[in-house]
file coords_18.txt (compact mmCIF, N, CA and C atoms)
# COMPACT_ATOMS: atom_id res chain seq x y z
N MET E 1 18.85 2.00 -5.73
CA MET E 1 19.53 2.92 -4.85
C MET E 1 19.77 4.21 -5.60
N THR E 2 19.49 5.30 -4.95
CA THR E 2 19.87 6.59 -5.49
C THR E 2 21.04 7.09 -4.65
N PHE E 3 21.93 7.77 -5.32
CA PHE E 3 23.15 8.21 -4.66
C PHE E 3 23.56 9.53 -5.30
N GLY E 4 23.75 10.53 -4.47
CA GLY E 4 24.19 11.82 -4.97
C GLY E 4 25.21 12.43 -4.04
N VAL E 5 26.02 13.31 -4.59
CA VAL E 5 27.03 14.00 -3.80
C VAL E 5 26.71 15.49 -3.85
N LEU E 6 26.37 16.03 -2.69
CA LEU E 6 26.06 17.44 -2.58
C LEU E 6 27.35 18.26 -2.63
N TYR E 7 27.24 19.50 -3.11
CA TYR E 7 28.40 20.38 -3.12
C TYR E 7 28.90 20.65 -1.71
N GLU E 8 27.98 20.72 -0.77
CA GLU E 8 28.30 21.02 0.62
C GLU E 8 27.73 19.90 1.50
N SER E 9 28.06 19.89 2.78
CA SER E 9 27.53 18.87 3.68
C SER E 9 26.01 18.99 3.77
N ARG E 10 25.38 17.94 4.25
CA ARG E 10 23.92 17.94 4.39
C ARG E 10 23.44 19.04 5.33
N ALA E 11 24.28 19.48 6.25
CA ALA E 11 23.91 20.52 7.22
C ALA E 11 24.12 21.95 6.69
N HIS E 12 24.78 22.08 5.57
CA HIS E 12 25.10 23.41 5.02
C HIS E 12 23.84 24.07 4.44
N PRO E 13 23.70 25.38 4.60
CA PRO E 13 22.52 26.08 4.06
C PRO E 13 22.30 25.86 2.56
N ARG E 14 23.37 25.68 1.79
CA ARG E 14 23.22 25.46 0.35
C ARG E 14 22.49 24.15 0.05
N SER E 15 22.57 23.19 0.97
CA SER E 15 21.93 21.88 0.77
C SER E 15 20.51 21.83 1.32
N GLN E 16 20.10 22.82 2.08
CA GLN E 16 18.83 22.74 2.82
C GLN E 16 17.60 22.62 1.93
N GLY E 17 17.56 23.27 0.79
CA GLY E 17 16.40 23.14 -0.10
C GLY E 17 16.14 21.70 -0.49
N PHE E 18 17.21 20.97 -0.67
CA PHE E 18 17.12 19.55 -1.01
C PHE E 18 16.80 18.72 0.24
N ILE E 19 17.57 18.91 1.28
CA ILE E 19 17.44 18.12 2.50
C ILE E 19 16.07 18.28 3.14
N ASP E 20 15.54 19.50 3.14
CA ASP E 20 14.25 19.76 3.77
C ASP E 20 13.10 19.01 3.11
N ARG E 21 13.25 18.63 1.85
CA ARG E 21 12.19 17.91 1.14
C ARG E 21 12.20 16.41 1.40
N ILE E 22 13.27 15.89 1.98
CA ILE E 22 13.42 14.44 2.11
C ILE E 22 12.30 13.77 2.91
N PRO E 23 11.98 14.21 4.13
CA PRO E 23 10.93 13.48 4.88
C PRO E 23 9.59 13.39 4.14
N ALA E 24 9.14 14.50 3.59
CA ALA E 24 7.86 14.49 2.88
C ALA E 24 7.95 13.68 1.59
N ALA E 25 9.09 13.73 0.91
CA ALA E 25 9.26 12.95 -0.31
C ALA E 25 9.25 11.45 -0.01
N LEU E 26 9.82 11.05 1.12
CA LEU E 26 9.80 9.63 1.51
C LEU E 26 8.38 9.17 1.81
N VAL E 27 7.59 10.01 2.45
CA VAL E 27 6.18 9.68 2.69
C VAL E 27 5.45 9.54 1.36
N GLN E 28 5.73 10.47 0.44
CA GLN E 28 5.11 10.41 -0.88
C GLN E 28 5.51 9.12 -1.60
N ALA E 29 6.76 8.72 -1.47
CA ALA E 29 7.21 7.46 -2.10
C ALA E 29 6.41 6.29 -1.56
N GLU E 30 6.25 6.23 -0.25
CA GLU E 30 5.55 5.11 0.38
C GLU E 30 4.09 5.03 -0.06
N ARG E 31 3.51 6.14 -0.48
CA ARG E 31 2.12 6.17 -0.93
C ARG E 31 1.98 6.01 -2.43
N SER E 32 3.10 5.88 -3.13
CA SER E 32 3.10 5.81 -4.59
C SER E 32 2.86 4.39 -5.09
N GLU E 33 2.17 4.32 -6.21
CA GLU E 33 1.93 3.02 -6.85
C GLU E 33 3.26 2.36 -7.19
N GLY E 34 3.37 1.10 -6.89
CA GLY E 34 4.57 0.34 -7.23
C GLY E 34 5.63 0.31 -6.15
N PHE E 35 5.48 1.15 -5.11
CA PHE E 35 6.44 1.15 -4.01
C PHE E 35 6.27 -0.13 -3.20
N ILE E 36 7.40 -0.78 -2.87
CA ILE E 36 7.36 -2.01 -2.06
C ILE E 36 7.91 -1.74 -0.67
N ASP E 37 9.13 -1.22 -0.58
CA ASP E 37 9.74 -0.97 0.73
C ASP E 37 10.98 -0.11 0.52
N ARG E 38 11.52 0.37 1.66
CA ARG E 38 12.76 1.14 1.61
C ARG E 38 13.53 0.92 2.90
N SER E 39 14.79 1.30 2.88
CA SER E 39 15.61 1.27 4.07
C SER E 39 15.27 2.49 4.92
N TYR E 40 15.16 2.28 6.21
CA TYR E 40 14.82 3.37 7.12
C TYR E 40 16.03 3.74 7.96
N LEU E 41 16.22 5.03 8.17
CA LEU E 41 17.31 5.54 8.98
C LEU E 41 16.81 5.76 10.40
N ASP E 42 17.50 5.18 11.37
CA ASP E 42 17.22 5.42 12.78
C ASP E 42 17.97 6.68 13.16
N MET E 43 17.24 7.75 13.42
CA MET E 43 17.87 9.04 13.69
C MET E 43 18.72 9.02 14.96
N GLU E 44 18.42 8.16 15.92
CA GLU E 44 19.20 8.10 17.15
C GLU E 44 20.54 7.39 16.96
N THR E 45 20.52 6.28 16.22
CA THR E 45 21.74 5.49 16.05
C THR E 45 22.47 5.81 14.75
N GLY E 46 21.77 6.37 13.78
CA GLY E 46 22.36 6.63 12.47
C GLY E 46 22.45 5.38 11.60
N LEU E 47 21.83 4.29 12.06
CA LEU E 47 21.88 3.03 11.31
C LEU E 47 20.68 2.90 10.38
N HIS E 48 20.91 2.21 9.26
CA HIS E 48 19.85 1.94 8.30
C HIS E 48 19.31 0.53 8.52
N SER E 49 18.02 0.35 8.26
CA SER E 49 17.38 -0.94 8.50
C SER E 49 17.88 -2.04 7.56
N TRP E 50 18.41 -1.68 6.40
CA TRP E 50 18.88 -2.69 5.46
C TRP E 50 20.39 -2.85 5.49
N GLY E 51 21.03 -2.38 6.51
CA GLY E 51 22.47 -2.56 6.62
C GLY E 51 23.22 -1.24 6.61
N GLU E 52 24.50 -1.35 6.89
CA GLU E 52 25.34 -0.17 6.98
C GLU E 52 25.54 0.46 5.60
N PRO E 53 25.25 1.76 5.47
CA PRO E 53 25.49 2.41 4.18
C PRO E 53 26.99 2.61 3.97
N VAL E 54 27.42 2.40 2.77
CA VAL E 54 28.83 2.60 2.43
C VAL E 54 28.91 3.54 1.24
N CYS E 55 30.03 4.21 1.12
CA CYS E 55 30.28 5.08 -0.02
C CYS E 55 31.15 4.34 -1.03
N PRO E 56 30.96 4.63 -2.30
CA PRO E 56 31.81 3.99 -3.32
C PRO E 56 33.28 4.32 -3.09
N ARG E 57 34.13 3.41 -3.48
CA ARG E 57 35.57 3.61 -3.29
C ARG E 57 36.11 4.81 -4.06
N PHE E 58 35.46 5.17 -5.17
CA PHE E 58 35.96 6.30 -5.96
C PHE E 58 35.72 7.65 -5.29
N LEU E 59 34.85 7.69 -4.28
CA LEU E 59 34.51 8.96 -3.64
C LEU E 59 35.51 9.28 -2.53
N PRO E 60 36.20 10.40 -2.63
CA PRO E 60 37.16 10.76 -1.57
C PRO E 60 36.46 10.87 -0.22
N GLU E 61 37.14 10.45 0.82
CA GLU E 61 36.56 10.42 2.16
C GLU E 61 36.05 11.79 2.62
N GLU E 62 36.70 12.85 2.19
CA GLU E 62 36.25 14.18 2.62
C GLU E 62 34.88 14.55 2.06
N LEU E 63 34.41 13.83 1.03
CA LEU E 63 33.08 14.08 0.48
C LEU E 63 32.00 13.19 1.10
N HIS E 64 32.36 12.24 1.95
CA HIS E 64 31.37 11.35 2.56
C HIS E 64 30.27 12.11 3.30
N PRO E 65 30.56 13.21 4.03
CA PRO E 65 29.48 13.95 4.69
C PRO E 65 28.51 14.62 3.71
N ASN E 66 28.90 14.69 2.44
CA ASN E 66 28.07 15.34 1.42
C ASN E 66 27.17 14.36 0.68
N VAL E 67 27.17 13.12 1.07
CA VAL E 67 26.41 12.10 0.36
C VAL E 67 24.94 12.13 0.77
N ALA E 68 24.08 12.05 -0.23
CA ALA E 68 22.64 11.88 -0.03
C ALA E 68 22.27 10.58 -0.75
N ARG E 69 21.63 9.66 -0.03
CA ARG E 69 21.32 8.36 -0.64
C ARG E 69 20.03 7.80 -0.08
N THR E 70 19.38 7.01 -0.90
CA THR E 70 18.22 6.24 -0.46
C THR E 70 18.31 4.86 -1.09
N LEU E 71 17.67 3.92 -0.45
CA LEU E 71 17.60 2.55 -0.98
C LEU E 71 16.14 2.13 -0.90
N SER E 72 15.55 1.87 -2.05
CA SER E 72 14.15 1.49 -2.08
C SER E 72 13.92 0.40 -3.11
N LEU E 73 12.79 -0.27 -2.95
CA LEU E 73 12.41 -1.38 -3.83
C LEU E 73 11.09 -1.03 -4.47
N TRP E 74 11.03 -1.14 -5.80
CA TRP E 74 9.85 -0.78 -6.57
C TRP E 74 9.43 -1.95 -7.45
N ARG E 75 8.16 -2.00 -7.77
CA ARG E 75 7.61 -3.08 -8.59
C ARG E 75 8.18 -3.06 -10.01
N ASN E 76 8.35 -1.86 -10.56
CA ASN E 76 8.85 -1.76 -11.93
C ASN E 76 9.49 -0.39 -12.16
N LEU E 77 10.15 -0.26 -13.27
CA LEU E 77 10.86 0.96 -13.62
C LEU E 77 9.89 2.13 -13.78
N GLU E 78 8.73 1.88 -14.34
CA GLU E 78 7.76 2.95 -14.57
C GLU E 78 7.26 3.56 -13.26
N SER E 79 7.07 2.73 -12.24
CA SER E 79 6.61 3.23 -10.94
C SER E 79 7.63 4.15 -10.29
N VAL E 80 8.88 3.76 -10.30
CA VAL E 80 9.91 4.61 -9.69
C VAL E 80 10.13 5.86 -10.53
N PHE E 81 10.00 5.77 -11.84
CA PHE E 81 10.10 6.95 -12.70
C PHE E 81 8.96 7.92 -12.39
N ALA E 82 7.74 7.39 -12.26
CA ALA E 82 6.57 8.24 -11.97
C ALA E 82 6.76 8.99 -10.66
N PHE E 83 7.28 8.32 -9.66
CA PHE E 83 7.55 8.98 -8.38
C PHE E 83 8.68 9.99 -8.52
N SER E 84 9.75 9.61 -9.20
CA SER E 84 10.97 10.43 -9.26
C SER E 84 10.76 11.78 -9.92
N TYR E 85 9.91 11.84 -10.93
CA TYR E 85 9.78 13.08 -11.70
C TYR E 85 8.49 13.83 -11.46
N ALA E 86 7.78 13.49 -10.39
CA ALA E 86 6.55 14.21 -10.04
C ALA E 86 6.61 14.57 -8.56
N GLY E 87 5.79 15.49 -8.15
CA GLY E 87 5.67 15.83 -6.73
C GLY E 87 6.96 16.39 -6.14
N LEU E 88 7.14 16.13 -4.85
CA LEU E 88 8.28 16.68 -4.11
C LEU E 88 9.62 16.18 -4.63
N HIS E 89 9.68 14.91 -5.02
CA HIS E 89 10.95 14.39 -5.54
C HIS E 89 11.30 15.07 -6.86
N GLY E 90 10.30 15.29 -7.67
CA GLY E 90 10.52 16.02 -8.92
C GLY E 90 11.04 17.42 -8.68
N GLU E 91 10.49 18.10 -7.64
CA GLU E 91 10.98 19.42 -7.27
C GLU E 91 12.45 19.36 -6.84
N ALA E 92 12.78 18.35 -6.04
CA ALA E 92 14.17 18.21 -5.59
C ALA E 92 15.10 17.96 -6.78
N LEU E 93 14.66 17.16 -7.74
CA LEU E 93 15.49 16.92 -8.92
C LEU E 93 15.71 18.20 -9.72
N ALA E 94 14.68 19.03 -9.77
CA ALA E 94 14.82 20.29 -10.49
C ALA E 94 15.87 21.19 -9.83
N LEU E 95 16.07 21.04 -8.53
CA LEU E 95 17.05 21.85 -7.79
C LEU E 95 18.44 21.22 -7.73
N ARG E 96 18.59 20.03 -8.26
CA ARG E 96 19.86 19.31 -8.04
C ARG E 96 21.08 20.03 -8.58
N ALA E 97 20.95 20.78 -9.66
CA ALA E 97 22.11 21.49 -10.20
C ALA E 97 22.60 22.56 -9.23
N GLU E 98 21.70 23.07 -8.38
CA GLU E 98 22.06 24.09 -7.40
C GLU E 98 22.81 23.51 -6.22
N CYS E 99 22.59 22.21 -5.94
CA CYS E 99 23.15 21.68 -4.69
C CYS E 99 23.97 20.40 -4.85
N SER E 100 23.97 19.76 -6.03
CA SER E 100 24.71 18.50 -6.14
C SER E 100 25.35 18.31 -7.51
N TYR E 101 26.36 17.47 -7.50
CA TYR E 101 27.02 17.06 -8.73
C TYR E 101 26.12 16.09 -9.47
N THR E 102 26.22 16.03 -10.79
CA THR E 102 25.44 15.07 -11.56
C THR E 102 26.37 14.12 -12.30
N SER E 103 25.89 12.89 -12.51
CA SER E 103 26.67 11.87 -13.24
C SER E 103 26.10 11.71 -14.62
N ARG E 104 26.94 11.65 -15.61
CA ARG E 104 26.50 11.53 -17.00
C ARG E 104 26.96 10.22 -17.64
N VAL E 105 27.23 9.20 -16.85
CA VAL E 105 27.77 7.96 -17.38
C VAL E 105 26.86 6.79 -17.01
N PRO E 106 25.71 6.63 -17.70
CA PRO E 106 24.83 5.52 -17.34
C PRO E 106 25.38 4.17 -17.82
N GLY E 107 25.14 3.18 -17.00
CA GLY E 107 25.50 1.80 -17.32
C GLY E 107 24.68 0.90 -16.42
N PRO E 108 24.79 -0.42 -16.54
CA PRO E 108 23.98 -1.32 -15.73
C PRO E 108 24.13 -1.11 -14.23
N GLU E 109 25.30 -0.63 -13.77
CA GLU E 109 25.51 -0.43 -12.34
C GLU E 109 25.03 0.94 -11.87
N ALA E 110 24.95 1.90 -12.76
CA ALA E 110 24.53 3.26 -12.41
C ALA E 110 23.81 3.84 -13.62
N PHE E 111 22.50 3.65 -13.67
CA PHE E 111 21.75 4.07 -14.85
C PHE E 111 20.89 5.29 -14.55
N ASN E 112 20.35 5.84 -15.63
CA ASN E 112 19.34 6.88 -15.49
C ASN E 112 18.12 6.43 -16.31
N PHE E 113 17.09 7.23 -16.33
CA PHE E 113 15.87 6.79 -17.00
C PHE E 113 15.93 6.95 -18.51
N ARG E 114 16.86 7.74 -19.01
CA ARG E 114 17.04 7.83 -20.46
C ARG E 114 17.70 6.57 -21.01
N ARG E 115 18.54 5.99 -20.19
CA ARG E 115 19.25 4.77 -20.58
C ARG E 115 19.23 3.83 -19.38
N SER E 116 18.24 2.96 -19.34
CA SER E 116 18.07 2.07 -18.19
C SER E 116 18.33 0.62 -18.60
N PHE E 117 18.40 -0.24 -17.59
CA PHE E 117 18.78 -1.63 -17.80
C PHE E 117 17.91 -2.54 -16.94
N ASP E 118 17.74 -3.78 -17.40
CA ASP E 118 16.98 -4.74 -16.60
C ASP E 118 17.91 -5.41 -15.59
N SER E 119 17.38 -6.38 -14.84
CA SER E 119 18.16 -7.03 -13.79
C SER E 119 19.32 -7.87 -14.32
N HIS E 120 19.35 -8.11 -15.62
CA HIS E 120 20.44 -8.88 -16.22
C HIS E 120 21.48 -7.98 -16.90
N GLY E 121 21.28 -6.66 -16.80
CA GLY E 121 22.22 -5.73 -17.41
C GLY E 121 21.93 -5.42 -18.86
N ASN E 122 20.78 -5.86 -19.37
CA ASN E 122 20.39 -5.58 -20.75
C ASN E 122 19.63 -4.27 -20.83
N PRO E 123 19.84 -3.50 -21.91
CA PRO E 123 19.08 -2.25 -22.05
C PRO E 123 17.58 -2.51 -21.96
N LYS E 124 16.87 -1.60 -21.30
CA LYS E 124 15.43 -1.71 -21.13
C LYS E 124 14.80 -0.37 -21.41
N ALA E 125 13.81 -0.37 -22.26
CA ALA E 125 13.10 0.87 -22.58
C ALA E 125 12.03 1.14 -21.53
N LEU E 126 11.93 2.38 -21.15
CA LEU E 126 10.91 2.82 -20.21
C LEU E 126 9.59 2.97 -20.96
N ASN E 127 8.51 2.41 -20.43
CA ASN E 127 7.19 2.57 -21.01
C ASN E 127 6.64 3.90 -20.52
N ARG E 128 6.83 4.95 -21.30
CA ARG E 128 6.45 6.30 -20.88
C ARG E 128 4.93 6.47 -20.76
N VAL E 129 4.17 5.76 -21.55
CA VAL E 129 2.70 5.84 -21.44
C VAL E 129 2.27 5.30 -20.09
N LEU E 130 2.80 4.15 -19.70
CA LEU E 130 2.48 3.57 -18.40
C LEU E 130 2.94 4.50 -17.27
N ALA E 131 4.14 5.08 -17.41
CA ALA E 131 4.65 5.98 -16.38
C ALA E 131 3.72 7.18 -16.20
N LYS E 132 3.21 7.75 -17.29
CA LYS E 132 2.28 8.88 -17.20
C LYS E 132 0.97 8.47 -16.53
N GLU E 133 0.51 7.26 -16.82
CA GLU E 133 -0.71 6.77 -16.18
C GLU E 133 -0.50 6.62 -14.67
N ILE E 134 0.67 6.16 -14.26
CA ILE E 134 0.96 6.00 -12.84
C ILE E 134 1.06 7.36 -12.16
N VAL E 135 1.69 8.34 -12.82
CA VAL E 135 1.73 9.69 -12.27
C VAL E 135 0.31 10.20 -12.03
N SER E 136 -0.56 9.99 -13.00
CA SER E 136 -1.94 10.44 -12.87
C SER E 136 -2.64 9.75 -11.69
N ARG E 137 -2.46 8.46 -11.56
CA ARG E 137 -3.09 7.73 -10.45
C ARG E 137 -2.51 8.17 -9.10
N ASN E 138 -1.19 8.39 -9.04
CA ASN E 138 -0.58 8.86 -7.81
C ASN E 138 -1.12 10.24 -7.42
N THR E 139 -1.31 11.10 -8.40
CA THR E 139 -1.82 12.45 -8.15
C THR E 139 -3.26 12.40 -7.63
N ARG E 140 -4.07 11.54 -8.21
CA ARG E 140 -5.48 11.40 -7.77
C ARG E 140 -5.57 10.78 -6.38
N ALA E 141 -4.60 9.94 -6.02
CA ALA E 141 -4.64 9.23 -4.74
C ALA E 141 -4.28 10.12 -3.54
N LYS E 142 -3.78 11.31 -3.78
CA LYS E 142 -3.33 12.19 -2.67
C LYS E 142 -4.47 12.55 -1.79
call {"tool": "encode", "arguments": {"input": "coords_18.txt", "output": "structure tokens"}}
result
Amino acid sequence: MTFGVLYESRAHPRSQGFIDRIPAALVQAERSEGFIDRSYLDMETGLHSWGEPVCPRFLPEELHPNVARTLSLWRNLESVFAFSYAGLHGEALALRAECSYTSRVPGPEAFNFRRSFDSHGNPKALNRVLAKEIVSRNTRAK
């Protein structure tokens, strides 16, 4: 799951550079090596296919409209890394300082790719060579 808090609501002009990339980035994710599935948002009902989205208890309710989140399943860490830092998603990440808060406290429950963990909560090193190979294959597959 990715979870971010935008400075402004998703409808605010300051958030649009990020929000406008979401549909195409989701299509790119679905075409990426290692992608298995993701939760889909029904635009009419606002419901997600994998259940009701909730905000963490630490997030004040007034910031709930500013939440951007996705839930997806990937074969391995390298595949999601390859998708995250290339293409449209990579562009969105480059813009994140302009539109969202960042978290600097990685742990088993909320990690980043510099400090990641396996399914048992143990530190796991990212195979950067494999990740670069996947980026290359994803780029050729377009």
call {"tool": "atom_distance", "arguments": {"input": "coords_18.txt", "atom1": "atom CA of E:Ser100", "atom2": "atom CA of E:Ala25"}}
result
17.4 Å
call {"tool": "closest_residue", "arguments": {"input": "coords_18.txt", "among": "E:Arg137, E:Thr102, E:Ala92, E:Val129", "to": "E:Gly17", "atoms": "all atoms listed in the file"}}
result
E:Ala92
call {"tool": "residues_around", "arguments": {"input": "coords_18.txt", "residues": "E:Thr70", "least_positions_apart": "4", "cutoff": "7 Å", "atoms": "only N, CA and C atoms", "output": "MDAnalysis selection string"}}
result
chainID E and resid 1:4 39
call {"tool": "atom_distance", "arguments": {"input": "coords_18.txt", "atom1": "atom CA of E:Tyr7", "atom2": "atom CA of E:Ala29"}}
result
24.8 Å
call {"tool": "atom_distance", "arguments": {"input": "coords_18.txt", "atom1": "atom N of E:Gly34", "atom2": "atom N of E:His120"}}
result
20.4 Å
call {"tool": "residues_around", "arguments": {"input": "coords_18.txt", "residues": "stretch 53-64 of chain E", "least_positions_apart": "2", "cutoff": "8 Å", "atoms": "only N, CA and C atoms", "output": "PyMOL selection string"}}
result
chain E and resi 5-6+8-10+46-51+66-68
call {"tool": "closest_atom_pairs", "arguments": {"input": "coords_18.txt", "of": "stretch 21-87 of chain E", "to": "stretch 132-136 of chain E", "cutoff": "8 Å", "atoms": "only N, CA and C atoms", "output": "tab-separated table"}}
result
residue	atom	partner	partner_atom	distance
E:Ser32	C	E:Ile134	C	7.9
E:Glu33	CA	E:Ile134	CA	6.8
E:Glu78	C	E:Ile134	CA	6.8
E:Ser79	CA	E:Ile134	CA	6.6
E:Phe81	C	E:Val135	N	7.3
E:Ala82	CA	E:Val135	N	5.0
E:Phe83	N	E:Val135	CA	6.3
E:Tyr85	C	E:Val135	CA	8.0
E:Ala86	CA	E:Val135	CA	7.0
call {"tool": "select_by_dssp", "arguments": {"input": "coords_18.txt", "residues": "chain E", "states": "helix (DSSP H, G or I)", "output": "compact mmCIF listing (two decimals) with N, CA and C atoms, in the coordinates of the input"}}
result
# COMPACT_ATOMS: atom_id res chain seq x y z
N PRO E 13 23.70 25.38 4.60
CA PRO E 13 22.52 26.08 4.06
C PRO E 13 22.30 25.86 2.56
N ARG E 14 23.37 25.68 1.79
CA ARG E 14 23.22 25.46 0.35
C ARG E 14 22.49 24.15 0.05
N SER E 15 22.57 23.19 0.97
CA SER E 15 21.93 21.88 0.77
C SER E 15 20.51 21.83 1.32
N GLN E 16 20.10 22.82 2.08
CA GLN E 16 18.83 22.74 2.82
C GLN E 16 17.60 22.62 1.93
N GLY E 17 17.56 23.27 0.79
CA GLY E 17 16.40 23.14 -0.10
C GLY E 17 16.14 21.70 -0.49
N PHE E 18 17.21 20.97 -0.67
CA PHE E 18 17.12 19.55 -1.01
C PHE E 18 16.80 18.72 0.24
N ILE E 19 17.57 18.91 1.28
CA ILE E 19 17.44 18.12 2.50
C ILE E 19 16.07 18.28 3.14
N ILE E 22 13.27 15.89 1.98
CA ILE E 22 13.42 14.44 2.11
C ILE E 22 12.30 13.77 2.91
N PRO E 23 11.98 14.21 4.13
CA PRO E 23 10.93 13.48 4.88
C PRO E 23 9.59 13.39 4.14
N ALA E 24 9.14 14.50 3.59
CA ALA E 24 7.86 14.49 2.88
C ALA E 24 7.95 13.68 1.59
N ALA E 25 9.09 13.73 0.91
CA ALA E 25 9.26 12.95 -0.31
C ALA E 25 9.25 11.45 -0.01
N LEU E 26 9.82 11.05 1.12
CA LEU E 26 9.80 9.63 1.51
C LEU E 26 8.38 9.17 1.81
N VAL E 27 7.59 10.01 2.45
CA VAL E 27 6.18 9.68 2.69
C VAL E 27 5.45 9.54 1.36
N GLN E 28 5.73 10.47 0.44
CA GLN E 28 5.11 10.41 -0.88
C GLN E 28 5.51 9.12 -1.60
N ALA E 29 6.76 8.72 -1.47
CA ALA E 29 7.21 7.46 -2.10
C ALA E 29 6.41 6.29 -1.56
N GLU E 30 6.25 6.23 -0.25
CA GLU E 30 5.55 5.11 0.38
C GLU E 30 4.09 5.03 -0.06
N GLU E 61 37.14 10.45 0.82
CA GLU E 61 36.56 10.42 2.16
C GLU E 61 36.05 11.79 2.62
N GLU E 62 36.70 12.85 2.19
CA GLU E 62 36.25 14.18 2.62
C GLU E 62 34.88 14.55 2.06
N LEU E 63 34.41 13.83 1.03
CA LEU E 63 33.08 14.08 0.48
C LEU E 63 32.00 13.19 1.10
N HIS E 64 32.36 12.24 1.95
CA HIS E 64 31.37 11.35 2.56
C HIS E 64 30.27 12.11 3.30
N PRO E 65 30.56 13.21 4.03
CA PRO E 65 29.48 13.95 4.69
C PRO E 65 28.51 14.62 3.71
N ASN E 66 28.90 14.69 2.44
CA ASN E 66 28.07 15.34 1.42
C ASN E 66 27.17 14.36 0.68
N LEU E 77 10.15 -0.26 -13.27
CA LEU E 77 10.86 0.96 -13.62
C LEU E 77 9.89 2.13 -13.78
N GLU E 78 8.73 1.88 -14.34
CA GLU E 78 7.76 2.95 -14.57
C GLU E 78 7.26 3.56 -13.26
N SER E 79 7.07 2.73 -12.24
CA SER E 79 6.61 3.23 -10.94
C SER E 79 7.63 4.15 -10.29
N VAL E 80 8.88 3.76 -10.30
CA VAL E 80 9.91 4.61 -9.69
C VAL E 80 10.13 5.86 -10.53
N PHE E 81 10.00 5.77 -11.84
CA PHE E 81 10.10 6.95 -12.70
C PHE E 81 8.96 7.92 -12.39
N ALA E 82 7.74 7.39 -12.26
CA ALA E 82 6.57 8.24 -11.97
C ALA E 82 6.76 8.99 -10.66
N PHE E 83 7.28 8.32 -9.66
CA PHE E 83 7.55 8.98 -8.38
C PHE E 83 8.68 9.99 -8.52
N SER E 84 9.75 9.61 -9.20
CA SER E 84 10.97 10.43 -9.26
C SER E 84 10.76 11.78 -9.92
N GLY E 87 5.79 15.49 -8.15
CA GLY E 87 5.67 15.83 -6.73
C GLY E 87 6.96 16.39 -6.14
N LEU E 88 7.14 16.13 -4.85
CA LEU E 88 8.28 16.68 -4.11
C LEU E 88 9.62 16.18 -4.63
N HIS E 89 9.68 14.91 -5.02
CA HIS E 89 10.95 14.39 -5.54
C HIS E 89 11.30 15.07 -6.86
N GLY E 90 10.30 15.29 -7.67
CA GLY E 90 10.52 16.02 -8.92
C GLY E 90 11.04 17.42 -8.68
N GLU E 91 10.49 18.10 -7.64
CA GLU E 91 10.98 19.42 -7.27
C GLU E 91 12.45 19.36 -6.84
N ALA E 92 12.78 18.35 -6.04
CA ALA E 92 14.17 18.21 -5.59
C ALA E 92 15.10 17.96 -6.78
N LEU E 93 14.66 17.16 -7.74
CA LEU E 93 15.49 16.92 -8.92
C LEU E 93 15.71 18.20 -9.72
N ALA E 94 14.68 19.03 -9.77
CA ALA E 94 14.82 20.29 -10.49
C ALA E 94 15.87 21.19 -9.83
N LEU E 95 16.07 21.04 -8.53
CA LEU E 95 17.05 21.85 -7.79
C LEU E 95 18.44 21.22 -7.73
N ARG E 96 18.59 20.03 -8.26
CA ARG E 96 19.86 19.31 -8.04
C ARG E 96 21.08 20.03 -8.58
N ALA E 97 20.95 20.78 -9.66
CA ALA E 97 22.11 21.49 -10.20
C ALA E 97 22.60 22.56 -9.23
N GLU E 98 21.70 23.07 -8.38
CA GLU E 98 22.06 24.09 -7.40
C GLU E 98 22.81 23.51 -6.22
N CYS E 99 22.59 22.21 -5.94
CA CYS E 99 23.15 21.68 -4.69
C CYS E 99 23.97 20.40 -4.85
N ARG E 128 6.83 4.95 -21.30
CA ARG E 128 6.45 6.30 -20.88
C ARG E 128 4.93 6.47 -20.76
N VAL E 129 4.17 5.76 -21.55
CA VAL E 129 2.70 5.84 -21.44
C VAL E 129 2.27 5.30 -20.09
N LEU E 130 2.80 4.15 -19.70
CA LEU E 130 2.48 3.57 -18.40
C LEU E 130 2.94 4.50 -17.27
N ALA E 131 4.14 5.08 -17.41
CA ALA E 131 4.65 5.98 -16.38
C ALA E 131 3.72 7.18 -16.20
N LYS E 132 3.21 7.75 -17.29
CA LYS E 132 2.28 8.88 -17.20
C LYS E 132 0.97 8.47 -16.53
N GLU E 133 0.51 7.26 -16.82
CA GLU E 133 -0.71 6.77 -16.18
C GLU E 133 -0.50 6.62 -14.67
N ILE E 134 0.67 6.16 -14.26
CA ILE E 134 0.96 6.00 -12.84
C ILE E 134 1.06 7.36 -12.16
N VAL E 135 1.69 8.34 -12.82
CA VAL E 135 1.73 9.69 -12.27
C VAL E 135 0.31 10.20 -12.03
N SER E 136 -0.56 9.99 -13.00
CA SER E 136 -1.94 10.44 -12.87
C SER E 136 -2.64 9.75 -11.69
N ARG E 137 -2.46 8.46 -11.56
CA ARG E 137 -3.09 7.73 -10.45
C ARG E 137 -2.51 8.17 -9.10
N ASN E 138 -1.19 8.39 -9.04
CA ASN E 138 -0.58 8.86 -7.81
C ASN E 138 -1.12 10.24 -7.42
N THR E 139 -1.31 11.10 -8.40
CA THR E 139 -1.82 12.45 -8.15
C THR E 139 -3.26 12.40 -7.63
N ARG E 140 -4.07 11.54 -8.21
CA ARG E 140 -5.48 11.40 -7.77
C ARG E 140 -5.57 10.78 -6.38
